[in-house]
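Participant: Just dropping this structure here.
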Amino acid sequence: MKKIILILVSIMLLGIGQASAEITRGEDTFTGGATINSVISTPNPADLDGLVFRKFANTDPKEYELWANRITSKSFLFSNTAIEIKIDSYPTEEIAIKKNGLITLADGRQYSHITAPLTSGDIEKIKMAKRIALKFPTAVGSYVYILPDAVLAEWKEVIAAEK
């Protein structure tokens, strides 16, 4: 009986704090454009609520963007400056934020989201990357998110995916 309880507790602890991710496909009904997305959600209230790595499959050359959101108090609101990306041993680069949105929810919490385009140079580095860290500007400083290996592998799948 003790072994069964120990095994169950171990399984539960291994699952805590894991980001879940999935590849989704979308279509813009207005333009007919297709997207391939790596959608990440995290169970930890101190993390981002969502992070999307998006590929616009109908553009030539292909376009990519990062989209992040957080439902929070005012302390975690994204700033309208730049995301920093650190890929392996390459120098840290800044990615200008293209869109910054804020919605106040009925319960008073804030829904904050940002979108930032990635360059073809960023995509080439991501294809070969072993580690990626993202630094998001917030109202009270910075928030750093290091991509889990499984999420990085999924980003590479999105890059390699066709329509």
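By convention here, the chains of the structure tokens are called A, B, ... in the order presented, each chain's residues are numbered starting at 1, and ligands are numbered starting at 1 in the order presented.
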Extract the full set of strand (DSSP E or B) residues from chain A according to DSSP on the backbone, and format it as a ChimeraX atom specification.
Facilitator: /A:20-27,34-41,50-56,63-72,78,82-87,93-96,99-104,110-118,132-138,141-146
Participant: From a DSSP calculation on the backbone, collect every residue of range 25-129 of chain A in alpha helix (DSSP H) and output the set as a ChimeraX atom specification.
Facilitator: /A:120-128
Participant: Go ahead and save the residues from that selection, with N, CA and C atoms, as a PDB file, in the first residue's frame.
Facilitator:
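This went into part36.pdb:
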ATOM      1  N   SER A 120      13.750  36.522 -39.934  1.00  0.00           N
ATOM      2  CA  SER A 120      14.224  35.265 -40.536  1.00  0.00           C
ATOM      3  C   SER A 120      15.518  34.816 -39.863  1.00  0.00           C
ATOM      4  N   GLY A 121      16.328  35.769 -39.396  1.00  0.00           N
ATOM      5  CA  GLY A 121      17.545  35.422 -38.650  1.00  0.00           C
ATOM      6  C   GLY A 121      17.219  34.722 -37.335  1.00  0.00           C
ATOM      7  N   ASP A 122      16.182  35.202 -36.641  1.00  0.00           N
ATOM      8  CA  ASP A 122      15.739  34.550 -35.402  1.00  0.00           C
ATOM      9  C   ASP A 122      15.305  33.118 -35.695  1.00  0.00           C
ATOM     10  N   ILE A 123      14.562  32.939 -36.771  1.00  0.00           N
ATOM     11  CA  ILE A 123      14.030  31.615 -37.111  1.00  0.00           C
ATOM     12  C   ILE A 123      15.176  30.649 -37.430  1.00  0.00           C
ATOM     13  N   GLU A 124      16.185  31.100 -38.139  1.00  0.00           N
ATOM     14  CA  GLU A 124      17.336  30.243 -38.449  1.00  0.00           C
ATOM     15  C   GLU A 124      18.043  29.797 -37.172  1.00  0.00           C
ATOM     16  N   LYS A 125      18.157  30.693 -36.202  1.00  0.00           N
ATOM     17  CA  LYS A 125      18.782  30.342 -34.922  1.00  0.00           C
ATOM     18  C   LYS A 125      17.909  29.373 -34.129  1.00  0.00           C
ATOM     19  N   ILE A 126      16.595  29.587 -34.150  1.00  0.00           N
ATOM     20  CA  ILE A 126      15.669  28.711 -33.419  1.00  0.00           C
ATOM     21  C   ILE A 126      15.744  27.288 -33.968  1.00  0.00           C
ATOM     22  N   LYS A 127      15.903  27.145 -35.283  1.00  0.00           N
ATOM     23  CA  LYS A 127      15.987  25.815 -35.906  1.00  0.00           C
ATOM     24  C   LYS A 127      17.093  24.961 -35.287  1.00  0.00           C
ATOM     25  N   MET A 128      18.189  25.589 -34.878  1.00  0.00           N
ATOM     26  CA  MET A 128      19.353  24.870 -34.359  1.00  0.00           C
ATOM     27  C   MET A 128      19.501  25.003 -32.841  1.00  0.00           C
TER      28      MET A 128
END
Participant: Extract, using only C-alpha atoms, all DNA, RNA and protein residues at most 9 Å from range 62-65 of chain A, discarding same-chain residues fewer than 4 positions from it, and format them as a VMD selection string.
Facilitator: chain A and resid 52 to 58 115 to 120 123 159
Participant: Now that the selection is made, can you save its residues with C-alpha atoms as a PDB file, in the first residue's frame?
Facilitator:
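Contents of result.pdb, freshly written:
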ATOM      1  CA  VAL A  52       1.986  31.360 -28.861  1.00  0.00           C
ATOM      2  CA  PHE A  53       4.675  30.879 -31.498  1.00  0.00           C
ATOM      3  CA  ARG A  54       2.832  31.524 -34.779  1.00  0.00           C
ATOM      4  CA  LYS A  55       3.787  30.873 -38.404  1.00  0.00           C
ATOM      5  CA  PHE A  56       1.834  32.527 -41.203  1.00  0.00           C
ATOM      6  CA  ALA A  57       1.930  29.706 -43.738  1.00  0.00           C
ATOM      7  CA  ASN A  58       0.624  31.599 -46.788  1.00  0.00           C
ATOM      8  CA  THR A 115       2.608  40.527 -30.028  1.00  0.00           C
ATOM      9  CA  ALA A 116       6.115  40.724 -31.492  1.00  0.00           C
ATOM     10  CA  PRO A 117       7.346  39.697 -34.968  1.00  0.00           C
ATOM     11  CA  LEU A 118      10.392  37.435 -35.383  1.00  0.00           C
ATOM     12  CA  THR A 119      12.991  37.921 -38.106  1.00  0.00           C
ATOM     13  CA  SER A 120      14.224  35.265 -40.536  1.00  0.00           C
ATOM     14  CA  ILE A 123      14.030  31.615 -37.111  1.00  0.00           C
ATOM     15  CA  ILE A 159       8.971  25.965 -38.500  1.00  0.00           C
TER      16      ILE A 159
END
Participant: Taking 6 positions as the minimum chain separation for residues in the same chain, which residues sit within 10 Å of range 101-114 of chain A when counting only C-alpha atoms? Answer as a list in words.
Facilitator: Leu48, Asp49, Gly50, Leu51, Leu66, Trp67, Ala68, Asn69, Arg70, Ile71, Thr72, Ser73, Lys74, Ser75, Phe76, Leu77, Phe78, Ser79, Asn80, Ala82, Ile83, Phe136 and Thr138 of chain A
Participant: Mind pulling up the distance from CA of Asp149 in chain A to CA of Ser38 in chain A?
Facilitator: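 Rounded to one decimal, the two atoms are 13.3 Å apart.
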Participant: Using only C-alpha atoms, pick whichever of A:Thr81, A:Ser41, A:Thr24, A:Thr92 has the shortest atom-to-atom distance to Pro137 in chain A.
Facilitator: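 Ranking A:Thr81, A:Ser41, A:Thr24, A:Thr92 by distance to Pro137 in chain A, first place goes to A:Thr81.
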Participant: CA of Glu22 in chain A and CA of Asn37 in chain A, how far apart in Å?
Facilitator: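 The value is 8.0 Å.
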Participant: Env of Asp88 in chain A: 7 Å cut, atoms = only C-alpha atoms, seq-sep filter 2 positions within chain, self excluded. Answer as a ChimeraX atom specification.
Facilitator: /A:86,90,129-132
